[in-house]
file data_3.txt (compact mmCIF, C-alpha atoms)
# COMPACT_ATOMS: atom_id res chain seq x y z
CA MET A 1 -66.60 71.79 124.14
CA THR A 2 -68.05 68.53 125.34
CA ARG A 3 -65.95 65.64 124.14
CA ALA A 4 -67.35 62.33 122.97
CA ARG A 5 -66.57 59.27 125.04
CA ARG A 6 -65.60 55.98 123.50
CA SER A 7 -68.02 54.17 125.78
CA ALA A 8 -70.71 55.01 128.28
CA PRO A 9 -69.46 55.75 131.78
CA ALA A 10 -70.12 53.28 134.53
CA SER A 11 -73.45 53.71 136.21
CA ALA A 12 -75.61 51.91 138.72
CA PRO A 13 -78.86 50.78 137.09
CA ALA A 14 -81.33 48.79 139.08
CA ALA A 15 -80.13 45.22 138.75
CA ALA A 16 -82.71 43.28 140.70
CA HIS A 17 -83.64 39.90 139.32
CA ASP A 18 -87.24 40.87 138.59
CA HIS A 19 -86.04 43.96 136.80
CA ARG A 20 -83.79 41.96 134.50
CA LEU A 21 -86.57 39.49 133.83
CA GLY A 22 -88.71 42.45 132.87
CA LEU A 23 -86.11 43.61 130.37
CA LEU A 24 -85.93 40.09 128.95
CA ARG A 25 -89.70 39.86 128.64
CA THR A 26 -89.86 43.20 126.82
CA MET A 27 -87.19 42.14 124.33
CA ILE A 28 -88.87 38.79 123.67
CA LEU A 29 -92.25 40.51 123.25
CA VAL A 30 -90.77 42.91 120.68
CA ARG A 31 -89.17 40.09 118.73
CA ARG A 32 -92.19 37.81 118.76
CA PHE A 33 -94.45 40.70 117.73
CA GLU A 34 -92.22 41.43 114.75
CA GLU A 35 -91.84 37.78 113.79
CA ARG A 36 -95.63 37.45 113.87
CA CYS A 37 -95.96 40.58 111.73
CA ALA A 38 -93.49 39.13 109.21
CA GLU A 39 -95.58 35.94 109.01
CA LEU A 40 -98.78 37.93 108.55
CA TYR A 41 -97.16 40.10 105.91
CA SER A 42 -95.87 37.11 103.96
CA ALA A 43 -99.38 35.66 104.08
CA THR A 44 -100.74 39.04 102.78
CA ARG A 45 -102.93 39.38 105.84
CA ILE A 46 -101.33 42.76 106.58
CA ARG A 47 -100.12 45.20 103.90
CA GLY A 48 -98.13 48.36 103.41
CA PHE A 49 -94.51 48.87 104.45
CA LEU A 50 -92.95 46.84 107.24
CA HIS A 51 -89.58 47.65 108.79
CA LEU A 52 -88.45 45.27 111.51
CA CYS A 53 -85.97 45.86 114.34
CA VAL A 54 -85.10 42.21 115.02
CA GLY A 55 -81.67 42.26 116.66
CA GLU A 56 -82.06 45.80 118.02
CA GLU A 57 -84.46 45.03 120.88
CA ALA A 58 -81.99 45.97 123.62
CA VAL A 59 -82.13 49.64 122.65
CA ALA A 60 -85.90 49.95 123.01
CA ALA A 61 -86.08 47.94 126.22
CA GLY A 62 -83.06 49.59 127.84
CA VAL A 63 -83.87 53.21 127.05
CA LEU A 64 -87.63 53.38 127.40
CA GLY A 65 -87.70 51.68 130.77
CA CYS A 66 -85.74 54.62 132.16
CA LEU A 67 -88.23 57.29 131.12
CA GLY A 68 -91.00 58.70 133.24
CA ALA A 69 -94.66 58.52 132.25
CA ASP A 70 -94.71 62.26 131.45
CA ASP A 71 -91.66 62.16 129.20
CA THR A 72 -92.19 62.32 125.46
CA VAL A 73 -91.00 59.83 122.85
CA VAL A 74 -90.56 60.49 119.13
CA SER A 75 -89.68 57.48 117.03
CA THR A 76 -88.53 56.52 113.55
CA TYR A 77 -90.19 54.40 110.88
CA ARG A 78 -88.66 51.31 112.58
CA ASP A 79 -90.91 51.96 115.54
CA HIS A 80 -92.58 48.73 116.72
CA GLY A 81 -90.07 48.06 119.50
CA HIS A 82 -90.24 51.62 120.78
CA ALA A 83 -94.03 51.55 120.95
CA ILE A 84 -94.14 48.19 122.72
CA ALA A 85 -91.45 49.14 125.24
CA ARG A 86 -93.25 52.42 125.87
CA GLY A 87 -96.38 50.51 126.82
CA VAL A 88 -98.64 51.28 123.87
CA PRO A 89 -101.40 48.62 124.11
CA LEU A 90 -100.54 45.55 122.06
CA ASP A 91 -104.07 45.17 120.69
CA SER A 92 -104.01 48.69 119.26
CA LEU A 93 -100.61 48.12 117.67
CA MET A 94 -101.68 44.91 115.98
CA ALA A 95 -104.94 46.51 114.85
CA GLU A 96 -102.90 49.29 113.28
CA MET A 97 -100.95 46.71 111.29
CA PHE A 98 -104.25 45.40 109.97
CA GLY A 99 -105.44 48.92 109.12
CA ARG A 100 -108.37 48.69 111.50
CA VAL A 101 -110.16 51.63 113.04
CA THR A 102 -109.28 50.29 116.51
CA GLY A 103 -105.58 50.78 115.71
CA CYS A 104 -103.56 53.34 117.63
CA SER A 105 -103.69 55.62 114.56
CA ARG A 106 -107.19 54.46 113.50
CA GLY A 107 -105.60 52.23 110.89
CA ARG A 108 -104.49 55.24 108.87
CA GLY A 109 -100.81 55.16 109.73
CA GLY A 110 -99.78 51.54 109.60
CA SER A 111 -96.39 50.24 110.63
CA MET A 112 -94.44 53.48 110.20
CA HIS A 113 -96.86 55.84 111.95
CA LEU A 114 -97.68 54.36 115.32
CA PHE A 115 -99.00 57.04 117.71
CA ASP A 116 -100.42 56.98 121.21
CA ARG A 117 -101.30 60.15 123.06
CA ALA A 118 -101.93 58.33 126.36
CA THR A 119 -98.29 57.23 126.63
CA ASN A 120 -96.82 60.41 125.10
CA PHE A 121 -95.65 58.37 122.15
CA LEU A 122 -95.73 61.04 119.46
CA GLY A 123 -95.30 58.75 116.60
CA GLY A 124 -93.15 56.92 114.22
CA ASN A 125 -92.00 59.02 111.30
CA ALA A 126 -91.52 57.81 107.74
CA ILE A 127 -89.06 60.61 106.92
CA VAL A 128 -85.42 59.93 107.80
CA ALA A 129 -84.46 62.42 110.56
CA GLY A 130 -87.97 63.91 110.33
CA GLY A 131 -88.63 63.28 114.01
CA LEU A 132 -85.74 65.46 115.18
CA PRO A 133 -87.32 68.88 114.53
CA LEU A 134 -90.54 67.64 116.13
CA ALA A 135 -88.69 66.45 119.21
CA LEU A 136 -86.75 69.71 119.33
CA GLY A 137 -90.02 71.64 119.35
CA VAL A 138 -91.48 69.55 122.17
CA ALA A 139 -88.29 69.93 124.22
CA LEU A 140 -88.28 73.69 123.59
CA ALA A 141 -91.90 73.98 124.73
CA ASP A 142 -91.16 72.03 127.91
CA HIS A 143 -88.08 74.19 128.53
CA LEU A 144 -90.00 77.44 128.10
CA ARG A 145 -92.79 76.24 130.39
CA GLY A 146 -90.32 75.13 133.02
CA ASP A 147 -91.51 71.51 132.88
CA ARG A 148 -89.09 68.81 133.98
CA ARG A 149 -90.05 66.44 131.17
CA ILE A 150 -87.50 64.97 128.83
CA THR A 151 -88.06 64.34 125.14
CA THR A 152 -86.36 61.27 123.69
CA CYS A 153 -85.95 61.04 119.93
CA PHE A 154 -84.89 57.82 118.22
CA ILE A 155 -83.08 58.07 114.90
CA GLY A 156 -81.11 55.74 112.69
CA ASP A 157 -77.53 56.22 111.55
CA GLY A 158 -78.82 57.36 108.15
CA ALA A 159 -80.31 60.42 109.86
CA VAL A 160 -76.82 61.73 110.68
CA ALA A 161 -76.38 62.57 106.98
CA GLU A 162 -79.49 64.76 106.96
CA GLY A 163 -79.59 68.50 107.58
CA GLU A 164 -82.18 68.11 110.34
CA PHE A 165 -79.63 66.27 112.45
CA HIS A 166 -77.12 69.11 112.40
CA GLU A 167 -79.70 71.88 112.76
CA SER A 168 -81.47 70.13 115.63
CA LEU A 169 -78.35 69.26 117.63
CA ASN A 170 -77.00 72.76 117.16
CA LEU A 171 -80.20 74.39 118.44
CA ALA A 172 -80.64 71.86 121.25
CA ALA A 173 -77.15 72.68 122.52
CA LEU A 174 -77.57 76.42 121.94
CA TRP A 175 -80.85 76.50 123.88
CA HIS A 176 -79.77 73.89 126.44
CA LEU A 177 -82.86 71.77 125.86
CA PRO A 178 -83.93 68.61 127.77
CA LEU A 179 -83.47 66.37 124.73
CA LEU A 180 -82.07 62.84 124.54
CA VAL A 181 -81.22 61.70 121.02
CA VAL A 182 -80.78 57.94 120.68
CA CYS A 183 -79.12 56.88 117.44
CA GLU A 184 -79.65 53.22 116.56
CA ASN A 185 -76.51 52.73 114.53
CA ASN A 186 -77.21 49.42 112.82
CA GLN A 187 -74.35 50.08 110.38
CA TYR A 188 -76.56 50.50 107.30
CA ALA A 189 -78.70 53.33 105.97
CA MET A 190 -81.08 51.14 103.98
CA GLY A 191 -78.56 49.38 101.69
CA THR A 192 -75.59 51.70 102.19
CA ALA A 193 -72.93 50.77 104.71
CA LEU A 194 -72.00 53.50 107.16
CA ARG A 195 -68.36 53.36 106.03
CA HIS A 196 -69.41 54.19 102.46
CA GLU A 197 -71.50 57.17 103.48
CA HIS A 198 -69.57 58.91 106.26
CA ALA A 199 -65.95 60.00 106.28
CA ARG A 200 -66.04 59.74 110.08
CA THR A 201 -68.01 56.76 111.36
CA ASP A 202 -67.74 57.72 115.04
CA LEU A 203 -71.20 59.25 115.28
CA ALA A 204 -70.90 60.13 118.97
CA LEU A 205 -67.83 62.18 118.17
CA ARG A 206 -69.69 64.02 115.45
CA ALA A 207 -72.59 64.80 117.78
CA SER A 208 -70.18 66.12 120.39
CA SER A 209 -68.93 68.74 117.94
CA TYR A 210 -72.12 70.65 118.69
CA GLY A 211 -71.43 70.72 122.40
CA VAL A 212 -73.76 67.81 123.13
CA ALA A 213 -72.66 65.18 125.66
CA ALA A 214 -72.29 62.08 123.49
CA TRP A 215 -71.38 58.47 124.23
CA ALA A 216 -71.05 55.31 122.18
CA VAL A 217 -72.78 52.31 123.76
CA ASP A 218 -72.87 48.57 123.09
CA GLY A 219 -76.38 48.37 121.72
CA MET A 220 -76.46 44.57 121.93
CA ASP A 221 -76.21 44.62 125.74
CA VAL A 222 -79.46 45.78 127.32
CA LEU A 223 -77.79 46.45 130.67
CA ALA A 224 -75.18 48.69 129.04
CA VAL A 225 -77.96 50.49 127.17
CA GLU A 226 -79.95 50.95 130.34
CA GLY A 227 -76.96 52.20 132.29
CA ALA A 228 -76.09 54.81 129.69
CA ALA A 229 -79.70 55.94 129.27
CA ARG A 230 -80.24 56.21 133.02
CA LEU A 231 -77.13 58.31 133.48
CA ALA A 232 -77.94 60.56 130.52
CA ILE A 233 -81.47 61.15 131.83
CA GLU A 234 -80.15 61.93 135.30
CA GLN A 235 -77.73 64.46 133.84
CA ILE A 236 -80.41 66.09 131.69
CA HIS A 237 -82.65 66.40 134.75
CA GLY A 238 -79.67 67.94 136.51
CA GLY A 239 -79.50 70.68 133.90
CA ALA A 240 -76.70 69.31 131.73
CA GLY A 241 -78.61 69.93 128.49
CA PRO A 242 -79.02 67.59 125.52
CA HIS A 243 -77.35 64.20 125.30
CA PHE A 244 -76.66 61.88 122.38
CA LEU A 245 -76.31 58.11 122.70
CA GLU A 246 -74.91 56.17 119.77
CA MET A 247 -76.22 52.62 120.19
CA ARG A 248 -74.01 50.33 118.15
CA THR A 249 -76.32 47.56 117.09
CA TYR A 250 -77.38 45.49 114.08
CA ARG A 251 -80.61 44.43 112.42
CA PHE A 252 -80.70 40.74 111.68
CA ARG A 253 -83.28 41.09 108.91
CA ALA A 254 -83.33 43.20 105.76
CA HIS A 255 -84.16 46.90 105.76
CA SER A 256 -87.79 46.12 104.91
CA MET A 257 -89.88 43.23 103.66
CA TYR A 258 -89.24 44.41 100.09
CA ASP A 259 -85.46 44.40 100.51
CA PRO A 260 -83.58 41.42 98.97
CA ASP A 261 -80.64 42.24 101.27
CA ARG A 262 -77.87 41.64 98.73
CA TYR A 263 -75.53 44.28 100.13
CA ARG A 264 -74.54 42.48 103.34
CA ASP A 265 -72.12 39.63 103.65
CA LYS A 266 -73.68 36.53 105.20
CA ALA A 267 -70.63 36.06 107.41
CA GLU A 268 -71.14 39.55 108.80
CA ILE A 269 -74.77 38.84 109.63
CA ALA A 270 -73.83 35.53 111.24
CA ALA A 271 -71.14 37.22 113.34
CA TRP A 272 -73.60 39.78 114.70
CA LYS A 273 -76.16 37.08 115.45
CA THR A 274 -73.70 35.54 117.87
CA ARG A 275 -74.23 38.73 119.88
CA ASP A 276 -78.03 38.41 119.94
CA PRO A 277 -79.19 40.71 122.79
CA ILE A 278 -81.85 38.29 123.98
CA ASP A 279 -79.45 35.35 124.08
CA HIS A 280 -76.91 37.57 125.81
CA LEU A 281 -79.25 38.40 128.69
CA ILE A 282 -80.51 34.82 128.91
CA GLY A 283 -76.90 33.65 129.15
CA LEU A 284 -76.17 36.17 131.87
CA LEU A 285 -79.21 35.16 133.92
CA ARG A 286 -78.43 31.46 133.50
CA ALA A 287 -74.83 31.99 134.56
CA GLU A 288 -76.16 33.55 137.74
CA ASP A 289 -78.63 30.66 138.22
CA ARG A 290 -81.46 33.18 137.97
CA LEU A 291 -83.34 31.78 134.98
CA THR A 292 -84.79 28.29 134.64
CA ASP A 293 -86.24 26.61 131.57
CA ASP A 294 -89.67 26.71 133.19
CA VAL A 295 -89.56 30.47 133.74
CA LEU A 296 -88.40 31.10 130.18
CA ALA A 297 -91.09 28.79 128.78
CA ARG A 298 -93.72 30.60 130.83
CA ILE A 299 -92.63 33.98 129.46
CA GLU A 300 -92.73 32.66 125.89
CA SER A 301 -96.14 31.06 126.44
CA GLU A 302 -97.64 34.23 127.93
CA ILE A 303 -96.36 36.29 125.02
CA ASP A 304 -97.68 33.82 122.45
CA THR A 305 -101.11 33.99 124.08
CA LEU A 306 -101.08 37.80 124.06
CA LEU A 307 -100.07 37.96 120.42
CA GLU A 308 -102.65 35.47 119.22
CA ALA A 309 -105.36 37.34 121.11
CA ALA A 310 -104.17 40.60 119.54
CA VAL A 311 -104.28 39.09 116.04
CA THR A 312 -107.76 37.64 116.57
CA THR A 313 -109.06 40.94 117.96
CA ALA A 314 -107.47 42.95 115.17
CA GLU A 315 -108.87 40.81 112.37
CA ALA A 316 -112.34 41.05 113.85
CA ALA A 317 -112.23 44.84 114.13
CA PRO A 318 -113.87 47.07 111.50
CA LEU A 319 -112.12 49.16 108.90
CA GLU A 320 -112.48 52.94 108.88
CA PRO A 321 -115.98 53.79 107.63
CA VAL A 322 -115.90 55.27 104.13
CA ALA A 323 -117.91 58.22 105.41
CA ASP A 324 -114.99 59.12 107.73
CA LEU A 325 -112.23 59.08 105.15
CA THR A 326 -111.96 62.88 105.00
CA ARG A 327 -111.97 63.33 108.78
CA PHE A 328 -108.79 64.66 110.42
CA THR A 329 -107.58 66.30 107.22
CA THR A 330 -108.32 69.56 109.01
CA SER A 331 -108.57 70.39 112.70
CA GLU A 332 -111.69 69.27 114.48
CA ARG A 333 -112.19 71.52 117.47
CA GLY A 334 -114.19 69.63 120.02
CA GLY A 335 -114.24 66.54 117.83
CA THR A 336 -113.21 63.06 118.83
CA PRO A 337 -109.49 62.56 118.18
call {"tool": "encode", "arguments": {"input": "data_3.txt", "output": "structure tokens"}}
result
Amino acid sequence: MTRARRSAPASAPAAAHDHRLGLLRTMILVRRFEERCAELYSATRIRGFLHLCVGEEAVAAGVLGCLGADDTVVSTYRDHGHAIARGVPLDSLMAEMFGRVTGCSRGRGGSMHLFDRATNFLGGNAIVAGGLPLALGVALADHLRGDRRITTCFIGDGAVAEGEFHESLNLAALWHLPLLVVCENNQYAMGTALRHEHARTDLALRASSYGVAAWAVDGMDVLAVEGAARLAIEQIHGGAGPHFLEMRTYRFRAHSMYDPDRYRDKAEIAAWKTRDPIDHLIGLLRAEDRLTDDVLARIESEIDTLLEAAVTTAEAAPLEPVADLTRFTTSERGGTP
């Protein structure tokens, strides 16, 4: 039986300066996108549900940068960071928030159902653990066809309590599928602390009980995340079968915009904020004299410009025509997706 490791093994990720700046830019873009969405939501300019990943940006940036263009990604309802790091066009993501027809899901999915066929981003999923059977099916299809693609499925720690988690990991191990499961363990399943829900809080150890290679990783350190993801992907490509990465992280904001967040101690939140993944990488680059104030200001300015352009474009885009409201409820062979 494969045994869980307490931490990811050492690896050799690309560590070039430009590469690290790229990781930093991705994390800042994710955070600024979400902060802008929170502002728009509070101003009632966008509606629906909104689940933010502020504080967890290192997981999206570190994992998704290791995947190939042909690999498949299945996300959770906290999916903005995954979509951005995967390269889904920013304009289409913002338009989706506004419910516009130019959105990546034609404005029908909103925050929790981002989807982009061009980047093999097979969607956020509003059902806890609901993405796992879908990812399992994609990985099985690739395996049967002999394709070398990997399917990566993001889940939260709450998904570990669901039946789909156990069924999917069991079958993935049994069939030796090219599946990477990334658990963003932010310590809370909505308002329930992990320690109140699970008798064993070592989620990597639990995953390993199915014969899946499983490691716990510091999810606040993008370089540690990247190193673990790169090694896992290399091993899957080498025929090692499914892997599970438990990213130990934290969300700085509430579960959703409707959540009053009365279940977390303020001291706990403050303590995790001292481990902010963006500040951590900035500190590392500054310590190496590889990041100046001018470079950081330029990154921030470029991102602000992109976001404002995306908001302007989204607000100007049309809503779905009423005549099309029943489209896509059944298959449209030969129709426009």
call {"tool": "residues_around", "arguments": {"input": "data_3.txt", "residues": "Arg248 of chain A", "least_positions_apart": "6", "cutoff": "7 Å", "atoms": "only C-alpha atoms", "output": "JSON, numbers by chain"}}
result
{"A": [184, 185, 186, 217, 218, 219]}
call {"tool": "closest_atom_pairs", "arguments": {"input": "data_3.txt", "of": "segment 159-260 of chain A", "to": "segment 122-141 of chain A", "cutoff": "8 Å", "atoms": "only C-alpha atoms", "output": "Markdown table"}}
result
| residue | atom | partner | partner_atom | distance |
| --- | --- | --- | --- | --- |
| A:Ala159 | CA | A:Ala129 | CA | 4.7 |
| A:Val160 | CA | A:Ala129 | CA | 7.7 |
| A:Glu162 | CA | A:Ala129 | CA | 6.6 |
| A:Glu164 | CA | A:Ala129 | CA | 6.1 |
| A:Phe165 | CA | A:Ala129 | CA | 6.5 |
| A:Ser168 | CA | A:Pro133 | CA | 6.1 |
| A:Ala172 | CA | A:Leu136 | CA | 6.8 |
| A:Trp175 | CA | A:Leu140 | CA | 7.9 |
| A:Leu177 | CA | A:Ala139 | CA | 6.0 |
| A:Pro178 | CA | A:Ala139 | CA | 5.8 |
| A:Leu179 | CA | A:Ala139 | CA | 6.0 |
call {"tool": "write_last_selection", "arguments": {"input": "data_3.txt", "atoms": "C-alpha atoms", "output": "mmCIF file, in the frame of the given file"}}
result
data_model
loop_
_atom_site.group_PDB
_atom_site.id
_atom_site.type_symbol
_atom_site.label_atom_id
_atom_site.label_comp_id
_atom_site.auth_asym_id
_atom_site.auth_seq_id
_atom_site.Cartn_x
_atom_site.Cartn_y
_atom_site.Cartn_z
ATOM 1 C CA ALA A 159 -80.310 60.420 109.860
ATOM 2 C CA VAL A 160 -76.820 61.730 110.680
ATOM 3 C CA GLU A 162 -79.490 64.760 106.960
ATOM 4 C CA GLU A 164 -82.180 68.110 110.340
ATOM 5 C CA PHE A 165 -79.630 66.270 112.450
ATOM 6 C CA SER A 168 -81.470 70.130 115.630
ATOM 7 C CA ALA A 172 -80.640 71.860 121.250
ATOM 8 C CA TRP A 175 -80.850 76.500 123.880
ATOM 9 C CA LEU A 177 -82.860 71.770 125.860
ATOM 10 C CA PRO A 178 -83.930 68.610 127.770
ATOM 11 C CA LEU A 179 -83.470 66.370 124.730
#
call {"tool": "axis_aligned_box", "arguments": {"input": "data_3.txt", "around": "segment 129-140 of chain A", "padding_each_side": "4 Å", "output": "JSON"}}
result
{"center_x": -88.0, "center_y": 68.1, "center_z": 117.3, "size_x": 15.0, "size_y": 19.3, "size_z": 21.9}
call {"tool": "closest_residue", "arguments": {"input": "data_3.txt", "among": "A:Ala95, A:Val182, A:Ile28, A:Ala16", "to": "Thr312 of chain A", "atoms": "all atoms listed in the file"}}
result
A:Ala95
call {"tool": "residues_around", "arguments": {"input": "data_3.txt", "residues": "His280 of chain A", "least_positions_apart": "4", "cutoff": "9 Å", "atoms": "all atoms listed in the file", "output": "compact mmCIF listing (two decimals) with C-alpha atoms, in the frame of the given file"}}
result
# COMPACT_ATOMS: atom_id res chain seq x y z
CA MET A 220 -76.46 44.57 121.93
CA ASP A 221 -76.21 44.62 125.74
CA VAL A 222 -79.46 45.78 127.32
CA THR A 274 -73.70 35.54 117.87
CA ARG A 275 -74.23 38.73 119.88
CA ASP A 276 -78.03 38.41 119.94
CA LEU A 284 -76.17 36.17 131.87
CA LEU A 285 -79.21 35.16 133.92
call {"tool": "atom_distance", "arguments": {"input": "data_3.txt", "atom1": "atom CA of Phe33 of chain A", "atom2": "atom CA of Ala193 of chain A"}}
result
27.1 Å
call {"tool": "atom_distance", "arguments": {"input": "data_3.txt", "atom1": "atom CA of Ala83 of chain A", "atom2": "atom CA of Ala43 of chain A"}}
result
23.8 Å
call {"tool": "closest_atom_pairs", "arguments": {"input": "data_3.txt", "of": "segment 89-163 of chain A", "to": "segment 58-62 of chain A", "cutoff": "12 Å", "atoms": "all atoms listed in the file", "output": "CSV"}}
result
residue,atom,partner,partner_atom,distance
A:Thr152,CA,A:Ala60,CA,11.3
A:Cys153,CA,A:Ala60,CA,11.5
A:Phe154,CA,A:Ala60,CA,9.3
A:Ile155,CA,A:Val59,CA,11.5
A:Gly156,CA,A:Val59,CA,11.7
call {"tool": "residues_around", "arguments": {"input": "data_3.txt", "residues": "Asn170 of chain A", "least_positions_apart": "6", "cutoff": "9 Å", "atoms": "only C-alpha atoms", "output": "list in words"}}
result
Tyr210, Gly211 and Val212 of chain A
